[in-house]
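Note: the block below is upload28.cif and it holds mmCIF, N, CA and C atoms and all ligand atoms.
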```cif
data_model
#
loop_
_atom_site.label_atom_id
_atom_site.label_comp_id
_atom_site.auth_asym_id
_atom_site.auth_seq_id
_atom_site.Cartn_x
_atom_site.Cartn_y
_atom_site.Cartn_z
N MET H 152 -31.02 93.07 96.87
CA MET H 152 -31.62 92.26 95.79
C MET H 152 -32.15 90.96 96.35
N THR H 153 -33.38 90.74 96.08
CA THR H 153 -33.92 89.43 96.43
C THR H 153 -34.13 88.64 95.15
N SER H 154 -33.88 87.39 95.24
CA SER H 154 -34.08 86.56 94.06
C SER H 154 -35.39 85.79 94.19
N VAL H 155 -36.08 85.73 93.11
CA VAL H 155 -37.34 84.99 93.09
C VAL H 155 -37.05 83.53 92.75
N VAL H 156 -37.45 82.70 93.64
CA VAL H 156 -37.24 81.27 93.39
C VAL H 156 -38.46 80.73 92.65
N GLN H 157 -38.20 80.19 91.49
CA GLN H 157 -39.30 79.61 90.71
C GLN H 157 -39.33 78.11 90.88
N VAL H 158 -40.50 77.64 91.16
CA VAL H 158 -40.67 76.18 91.23
C VAL H 158 -40.85 75.66 89.81
N PRO H 159 -39.93 74.84 89.36
CA PRO H 159 -40.06 74.35 87.99
C PRO H 159 -41.25 73.41 87.84
N LEU H 160 -42.00 73.65 86.80
CA LEU H 160 -43.10 72.75 86.48
C LEU H 160 -42.56 71.69 85.53
N ALA H 161 -42.74 70.48 85.92
CA ALA H 161 -42.18 69.40 85.12
C ALA H 161 -43.16 68.92 84.06
N SER H 162 -42.61 68.53 82.94
CA SER H 162 -43.44 67.89 81.93
C SER H 162 -43.98 66.59 82.51
N ARG H 163 -45.16 66.22 82.07
CA ARG H 163 -45.73 64.99 82.59
C ARG H 163 -46.57 64.30 81.52
N ALA H 164 -46.76 63.04 81.72
CA ALA H 164 -47.46 62.24 80.71
C ALA H 164 -48.55 61.42 81.37
N VAL H 165 -49.65 61.29 80.65
CA VAL H 165 -50.75 60.46 81.14
C VAL H 165 -51.15 59.47 80.06
N LEU H 166 -51.70 58.35 80.50
CA LEU H 166 -52.13 57.30 79.60
C LEU H 166 -53.64 57.39 79.43
N ARG H 167 -54.09 57.39 78.18
CA ARG H 167 -55.53 57.49 77.91
C ARG H 167 -55.92 56.49 76.83
N LEU H 168 -57.17 56.09 76.86
CA LEU H 168 -57.69 55.29 75.76
C LEU H 168 -57.80 56.16 74.52
N ILE H 169 -57.51 55.58 73.37
CA ILE H 169 -57.69 56.31 72.12
C ILE H 169 -59.19 56.36 71.83
N GLU H 170 -59.68 57.55 71.56
CA GLU H 170 -61.11 57.71 71.32
C GLU H 170 -61.40 57.79 69.82
N PRO H 171 -62.62 57.37 69.43
CA PRO H 171 -63.01 57.51 68.03
C PRO H 171 -62.92 58.97 67.61
N GLY H 172 -62.42 59.19 66.40
CA GLY H 172 -62.34 60.56 65.91
C GLY H 172 -61.04 61.25 66.26
N SER H 173 -60.20 60.54 66.99
CA SER H 173 -58.91 61.13 67.32
C SER H 173 -58.07 61.31 66.07
N ASP H 174 -57.51 62.48 65.89
CA ASP H 174 -56.68 62.69 64.71
C ASP H 174 -55.29 63.19 65.11
N ALA H 175 -54.91 62.88 66.33
CA ALA H 175 -53.60 63.31 66.80
C ALA H 175 -52.51 62.55 66.05
N VAL H 176 -51.38 63.17 65.91
CA VAL H 176 -50.25 62.53 65.25
C VAL H 176 -49.20 62.19 66.30
N CYS H 177 -48.74 60.96 66.20
CA CYS H 177 -47.76 60.48 67.18
C CYS H 177 -46.43 61.21 67.02
N ALA H 178 -45.90 61.70 68.12
CA ALA H 178 -44.62 62.40 68.08
C ALA H 178 -43.46 61.42 67.96
N GLY H 179 -43.75 60.14 68.13
CA GLY H 179 -42.70 59.15 68.03
C GLY H 179 -42.51 58.64 66.61
N CYS H 180 -43.61 58.22 65.95
CA CYS H 180 -43.50 57.60 64.63
C CYS H 180 -44.13 58.45 63.53
N ALA H 181 -44.74 59.57 63.88
CA ALA H 181 -45.34 60.50 62.92
C ALA H 181 -46.58 59.93 62.22
N ASN H 182 -47.10 58.82 62.68
CA ASN H 182 -48.36 58.29 62.16
C ASN H 182 -49.51 58.75 63.04
N GLN H 183 -50.70 58.70 62.46
CA GLN H 183 -51.87 59.10 63.24
C GLN H 183 -52.10 58.14 64.40
N VAL H 184 -52.54 58.69 65.50
CA VAL H 184 -52.95 57.87 66.64
C VAL H 184 -54.43 57.59 66.43
N LYS H 185 -54.69 56.47 65.79
CA LYS H 185 -56.06 56.18 65.34
C LYS H 185 -56.77 55.20 66.25
N PHE H 186 -58.05 55.46 66.39
CA PHE H 186 -58.90 54.51 67.09
C PHE H 186 -59.22 53.35 66.16
N THR H 187 -59.08 52.14 66.66
CA THR H 187 -59.55 50.99 65.90
C THR H 187 -60.42 50.16 66.83
N ALA H 188 -61.48 49.63 66.27
CA ALA H 188 -62.44 48.88 67.08
C ALA H 188 -61.82 47.57 67.58
N ARG H 189 -60.91 47.03 66.80
CA ARG H 189 -60.33 45.73 67.15
C ARG H 189 -59.44 45.81 68.40
N SER H 190 -58.52 46.72 68.34
CA SER H 190 -57.59 46.80 69.46
C SER H 190 -57.96 47.98 70.34
N LYS H 191 -58.00 47.74 71.60
CA LYS H 191 -58.29 48.84 72.51
C LYS H 191 -56.99 49.60 72.74
N GLY H 192 -56.72 50.46 71.79
CA GLY H 192 -55.45 51.17 71.82
C GLY H 192 -55.38 52.20 72.93
N ARG H 193 -54.20 52.37 73.40
CA ARG H 193 -53.98 53.42 74.38
C ARG H 193 -52.93 54.37 73.85
N LYS H 194 -53.03 55.59 74.28
CA LYS H 194 -52.08 56.59 73.83
C LYS H 194 -51.53 57.32 75.05
N VAL H 195 -50.43 57.96 74.83
CA VAL H 195 -49.84 58.77 75.88
C VAL H 195 -49.97 60.23 75.47
N ILE H 196 -50.50 61.02 76.37
CA ILE H 196 -50.59 62.46 76.15
C ILE H 196 -49.59 63.12 77.09
N ALA H 197 -48.69 63.88 76.52
CA ALA H 197 -47.68 64.54 77.34
C ALA H 197 -47.87 66.05 77.31
N ASN H 198 -47.93 66.65 78.47
CA ASN H 198 -47.87 68.10 78.58
C ASN H 198 -46.41 68.47 78.73
N VAL H 199 -45.91 69.20 77.75
CA VAL H 199 -44.48 69.49 77.72
C VAL H 199 -44.22 70.91 78.21
N TYR H 200 -43.38 71.00 79.19
CA TYR H 200 -42.97 72.31 79.71
C TYR H 200 -41.56 72.61 79.25
N VAL H 201 -41.37 73.82 78.79
CA VAL H 201 -40.03 74.28 78.44
C VAL H 201 -39.67 75.33 79.47
N GLY H 202 -38.62 75.06 80.23
CA GLY H 202 -38.35 75.90 81.37
C GLY H 202 -39.47 75.70 82.36
N SER H 203 -40.11 76.76 82.80
CA SER H 203 -41.21 76.62 83.75
C SER H 203 -42.54 76.91 83.08
N ARG H 204 -42.53 76.99 81.75
CA ARG H 204 -43.75 77.33 81.04
C ARG H 204 -44.28 76.17 80.22
N TRP H 205 -45.61 76.03 80.26
CA TRP H 205 -46.23 75.02 79.43
C TRP H 205 -46.00 75.39 77.98
N ASP H 206 -45.58 74.45 77.18
CA ASP H 206 -45.27 74.75 75.78
C ASP H 206 -46.21 74.08 74.81
N ARG H 207 -46.47 72.79 75.00
CA ARG H 207 -47.28 72.07 74.01
C ARG H 207 -47.73 70.73 74.55
N VAL H 208 -48.64 70.12 73.80
CA VAL H 208 -49.07 68.77 74.08
C VAL H 208 -48.54 67.86 73.00
N GLU H 209 -47.98 66.74 73.38
CA GLU H 209 -47.55 65.75 72.40
C GLU H 209 -48.31 64.46 72.63
N HIS H 210 -48.62 63.79 71.52
CA HIS H 210 -49.32 62.51 71.59
C HIS H 210 -48.39 61.41 71.13
N PHE H 211 -48.49 60.26 71.76
CA PHE H 211 -47.69 59.10 71.37
C PHE H 211 -48.57 57.86 71.41
N HIS H 212 -48.27 56.90 70.52
CA HIS H 212 -48.79 55.57 70.76
C HIS H 212 -48.13 55.07 72.05
N GLU H 213 -48.83 54.23 72.75
CA GLU H 213 -48.25 53.74 74.00
C GLU H 213 -46.88 53.09 73.77
N ASP H 214 -46.80 52.29 72.71
CA ASP H 214 -45.53 51.61 72.41
C ASP H 214 -44.44 52.59 72.00
N CYS H 215 -44.82 53.59 71.22
CA CYS H 215 -43.83 54.56 70.76
C CYS H 215 -43.25 55.33 71.94
N TYR H 216 -44.11 55.61 72.91
CA TYR H 216 -43.63 56.34 74.07
C TYR H 216 -42.60 55.51 74.84
N ALA H 217 -42.90 54.22 74.96
CA ALA H 217 -41.96 53.33 75.64
C ALA H 217 -40.66 53.22 74.85
N ASP H 218 -40.81 53.11 73.51
CA ASP H 218 -39.62 53.01 72.65
C ASP H 218 -38.75 54.25 72.75
N ALA H 219 -39.39 55.39 72.95
CA ALA H 219 -38.65 56.65 73.04
C ALA H 219 -37.97 56.79 74.40
N GLY H 220 -38.20 55.85 75.29
CA GLY H 220 -37.56 55.89 76.60
C GLY H 220 -38.29 56.77 77.59
N GLU H 221 -39.62 56.88 77.41
CA GLU H 221 -40.45 57.68 78.31
C GLU H 221 -39.85 59.07 78.57
N PRO H 222 -39.77 59.87 77.49
CA PRO H 222 -39.08 61.16 77.60
C PRO H 222 -39.67 62.12 78.64
N TYR H 223 -40.94 61.95 78.97
CA TYR H 223 -41.54 62.86 79.96
C TYR H 223 -41.92 62.13 81.22
N GLY H 224 -41.21 61.04 81.49
CA GLY H 224 -41.48 60.29 82.71
C GLY H 224 -42.53 59.22 82.46
N PRO H 225 -42.68 58.32 83.44
CA PRO H 225 -43.66 57.25 83.29
C PRO H 225 -45.07 57.84 83.13
N ALA H 226 -45.81 57.29 82.18
CA ALA H 226 -47.17 57.78 81.94
C ALA H 226 -48.09 57.27 83.02
N ARG H 227 -48.83 58.17 83.60
CA ARG H 227 -49.79 57.76 84.65
C ARG H 227 -51.17 57.57 84.04
N SER H 228 -51.84 56.55 84.51
CA SER H 228 -53.18 56.32 83.98
C SER H 228 -54.20 57.05 84.83
ZN ZN M 1 -46.39 56.10 67.17
#
```

What would you get if you wrote out this structure as structure tokens?
Amino acid sequence: MTSVVQVPLASRAVLRLIEPGSDAVCAGCANQVKFTARSKGRKVIANVYVGSRWDRVEHFHEDCYADAGEPYGPARS
């Protein structure tokens, strides 16, 4: 018997500017991640892996992600 070693794919997060027309809902506070002309908002997009498989994308306000304790690691810009 040989065992197959699987390299785990880790969830990861990136920092992006919020774009006009964005209708994503923040996974932290459940409010929309909205573009506003006044504040140059940034959001965190996380690719979430469950086990070694990609499962979903989660969106966070930048602050909400920090408040949540950066659940998917530091967001890279
Ligand atoms: Zn939020």

Per residue of chain H within 8 Å of ligand ZN 1 (chain M), which atom pair is closest and at what distance in Å (one decimal), using only C-alpha atoms and all ligand atoms, listed by chain and increasing number, as a Markdown table?
```
| residue | atom | partner | partner_atom | distance |
| --- | --- | --- | --- | --- |
| H:Val176 | CA | M:ZN1 | ZN | 7.7 |
| H:Cys177 | CA | M:ZN1 | ZN | 4.6 |
| H:Ala178 | CA | M:ZN1 | ZN | 6.6 |
| H:Gly179 | CA | M:ZN1 | ZN | 4.9 |
| H:Cys180 | CA | M:ZN1 | ZN | 4.1 |
| H:Ala181 | CA | M:ZN1 | ZN | 6.2 |
| H:Asn182 | CA | M:ZN1 | ZN | 5.8 |
| H:Gln183 | CA | M:ZN1 | ZN | 7.4 |
| H:Val184 | CA | M:ZN1 | ZN | 6.8 |
| H:Phe211 | CA | M:ZN1 | ZN | 5.3 |
| H:His212 | CA | M:ZN1 | ZN | 4.4 |
| H:Glu213 | CA | M:ZN1 | ZN | 7.5 |
| H:Asp214 | CA | M:ZN1 | ZN | 7.0 |
| H:Cys215 | CA | M:ZN1 | ZN | 4.7 |
| H:Tyr216 | CA | M:ZN1 | ZN | 7.4 |
```

## Note on the structure
Counting only C-alpha atoms, closest pick from H:Val195, H:Val201, H:Ala161, H:Ile169 relative to Ser228 in chain H is H:Val195

### Task
Do a neighbour search on Val199 in chain H at 9 Å with only C-alpha atoms, toss out local chain neighbours closer than 6 positions, and write the hits as a PyMOL selection string.
chain H and resi 161-164+205-209+223

### Separation of atom N of Arg227 in chain H from atom N of Tyr200 in chain H, in Å and rounded to one decimal
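Distance between the two atoms: 14.6 Å.
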
### Message
Can you pull out every residue from chain H that DSSP, working from the backbone, puts in strand (DSSP E or B), and format the result as a ChimeraX atom specification?
### Response
/H:163-168,176-177,183,193-201,204-212,227

### Query
Hey, which of H:Ala175, H:Ala188, H:Leu168, H:Ile196 ends up closest to Pro225 in chain H? Count only C-alpha atoms.
H:Ile196

### Query
For Glu170 in chain H, which of H:Ala226, H:Lys194, H:Arg189, H:Gly202 is the closest residue, counting only N, CA and C atoms?
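Ranking H:Ala226, H:Lys194, H:Arg189, H:Gly202 by distance to Glu170 in chain H, first place goes to H:Lys194.
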
### Task
Apply DSSP to the backbone of this structure and, from range 171-227 of chain H, keep only the residues in alpha helix (DSSP H); write these as JSON, numbers by chain.
{"H": [213, 214, 215, 216, 217, 218]}

Could you turn the residues from that selection into a file that holds N, CA and C atoms, as a short mmCIF file (atom, residue, chain, number, x, y, z; two decimals), in the coordinates of the input?
```cif
data_model
loop_
_atom_site.label_atom_id
_atom_site.label_comp_id
_atom_site.auth_asym_id
_atom_site.auth_seq_id
_atom_site.Cartn_x
_atom_site.Cartn_y
_atom_site.Cartn_z
N GLU H 213 -48.83 54.23 72.75
CA GLU H 213 -48.25 53.74 74.00
C GLU H 213 -46.88 53.09 73.77
N ASP H 214 -46.80 52.29 72.71
CA ASP H 214 -45.53 51.61 72.41
C ASP H 214 -44.44 52.59 72.00
N CYS H 215 -44.82 53.59 71.22
CA CYS H 215 -43.83 54.56 70.76
C CYS H 215 -43.25 55.33 71.94
N TYR H 216 -44.11 55.61 72.91
CA TYR H 216 -43.63 56.34 74.07
C TYR H 216 -42.60 55.51 74.84
N ALA H 217 -42.90 54.22 74.96
CA ALA H 217 -41.96 53.33 75.64
C ALA H 217 -40.66 53.22 74.85
N ASP H 218 -40.81 53.11 73.51
CA ASP H 218 -39.62 53.01 72.65
C ASP H 218 -38.75 54.25 72.75
#
```

Go ahead and fit an axis-aligned box to every listed atom of range 164-177 of chain H plus 5 Å each side, and pass me the centre and edge lengths in Å, one decimal, as lines of an AutoDock Vina configuration file.
```
center_x = -54.7
center_y = 59.3
center_z = 73.2
size_x = 26.6
size_y = 18.0
size_z = 27.0
```

### Summary
Taken to one decimal, the atom N of Phe186 in chain H-CA of Asp174 in chain H distance is 7.5 Å

Just add N, CA, C and O atoms to range 174-198 of chain H and send it as a CSV table (one decimal), in the frame of the given file.
```csv
chain,number,residue,atom,x,y,z
H,174,ASP,N,-57.5,62.5,65.9
H,174,ASP,CA,-56.7,62.7,64.7
H,174,ASP,C,-55.3,63.2,65.1
H,174,ASP,O,-54.6,63.8,64.3
H,175,ALA,N,-54.9,62.9,66.3
H,175,ALA,CA,-53.6,63.3,66.8
H,175,ALA,C,-52.5,62.6,66.0
H,175,ALA,O,-52.7,61.4,65.6
H,176,VAL,N,-51.4,63.2,65.9
H,176,VAL,CA,-50.2,62.5,65.2
H,176,VAL,C,-49.2,62.2,66.3
H,176,VAL,O,-48.9,63.0,67.2
H,177,CYS,N,-48.7,61.0,66.2
H,177,CYS,CA,-47.8,60.5,67.2
H,177,CYS,C,-46.4,61.2,67.0
H,177,CYS,O,-45.9,61.3,65.9
H,178,ALA,N,-45.9,61.7,68.1
H,178,ALA,CA,-44.6,62.4,68.1
H,178,ALA,C,-43.5,61.4,68.0
H,178,ALA,O,-42.3,61.8,67.7
H,179,GLY,N,-43.8,60.1,68.1
H,179,GLY,CA,-42.7,59.2,68.0
H,179,GLY,C,-42.5,58.6,66.6
H,179,GLY,O,-41.4,58.6,66.1
H,180,CYS,N,-43.6,58.2,66.0
H,180,CYS,CA,-43.5,57.6,64.6
H,180,CYS,C,-44.1,58.4,63.5
H,180,CYS,O,-44.1,58.1,62.4
H,181,ALA,N,-44.7,59.6,63.9
H,181,ALA,CA,-45.3,60.5,62.9
H,181,ALA,C,-46.6,59.9,62.2
H,181,ALA,O,-47.0,60.5,61.2
H,182,ASN,N,-47.1,58.8,62.7
H,182,ASN,CA,-48.4,58.3,62.2
H,182,ASN,C,-49.5,58.8,63.0
H,182,ASN,O,-49.3,59.1,64.2
H,183,GLN,N,-50.7,58.7,62.5
H,183,GLN,CA,-51.9,59.1,63.2
H,183,GLN,C,-52.1,58.1,64.4
H,183,GLN,O,-51.9,56.9,64.3
H,184,VAL,N,-52.5,58.7,65.5
H,184,VAL,CA,-53.0,57.9,66.6
H,184,VAL,C,-54.4,57.6,66.4
H,184,VAL,O,-55.3,58.4,66.8
H,185,LYS,N,-54.7,56.5,65.8
H,185,LYS,CA,-56.1,56.2,65.3
H,185,LYS,C,-56.8,55.2,66.2
H,185,LYS,O,-56.2,54.2,66.7
H,186,PHE,N,-58.0,55.5,66.4
H,186,PHE,CA,-58.9,54.5,67.1
H,186,PHE,C,-59.2,53.4,66.2
H,186,PHE,O,-59.6,53.5,65.0
H,187,THR,N,-59.1,52.1,66.7
H,187,THR,CA,-59.6,51.0,65.9
H,187,THR,C,-60.4,50.2,66.8
H,187,THR,O,-60.1,50.0,68.0
H,188,ALA,N,-61.5,49.6,66.3
H,188,ALA,CA,-62.4,48.9,67.1
H,188,ALA,C,-61.8,47.6,67.6
H,188,ALA,O,-62.2,47.1,68.6
H,189,ARG,N,-60.9,47.0,66.8
H,189,ARG,CA,-60.3,45.7,67.2
H,189,ARG,C,-59.4,45.8,68.4
H,189,ARG,O,-59.6,45.0,69.3
H,190,SER,N,-58.5,46.7,68.3
H,190,SER,CA,-57.6,46.8,69.5
H,190,SER,C,-58.0,48.0,70.3
H,190,SER,O,-58.2,49.1,69.8
H,191,LYS,N,-58.0,47.7,71.6
H,191,LYS,CA,-58.3,48.8,72.5
H,191,LYS,C,-57.0,49.6,72.7
H,191,LYS,O,-56.3,49.4,73.7
H,192,GLY,N,-56.7,50.5,71.8
H,192,GLY,CA,-55.4,51.2,71.8
H,192,GLY,C,-55.4,52.2,72.9
H,192,GLY,O,-56.4,52.8,73.3
H,193,ARG,N,-54.2,52.4,73.4
H,193,ARG,CA,-54.0,53.4,74.4
H,193,ARG,C,-52.9,54.4,73.8
H,193,ARG,O,-52.1,54.0,73.1
H,194,LYS,N,-53.0,55.6,74.3
H,194,LYS,CA,-52.1,56.6,73.8
H,194,LYS,C,-51.5,57.3,75.0
H,194,LYS,O,-52.1,57.3,76.1
H,195,VAL,N,-50.4,58.0,74.8
H,195,VAL,CA,-49.8,58.8,75.9
H,195,VAL,C,-50.0,60.2,75.5
H,195,VAL,O,-49.7,60.6,74.3
H,196,ILE,N,-50.5,61.0,76.4
H,196,ILE,CA,-50.6,62.5,76.2
H,196,ILE,C,-49.6,63.1,77.1
H,196,ILE,O,-49.7,62.9,78.3
H,197,ALA,N,-48.7,63.9,76.5
H,197,ALA,CA,-47.7,64.5,77.3
H,197,ALA,C,-47.9,66.0,77.3
H,197,ALA,O,-48.0,66.6,76.2
H,198,ASN,N,-47.9,66.6,78.5
H,198,ASN,CA,-47.9,68.1,78.6
H,198,ASN,C,-46.4,68.5,78.7
H,198,ASN,O,-45.8,68.1,79.7
```
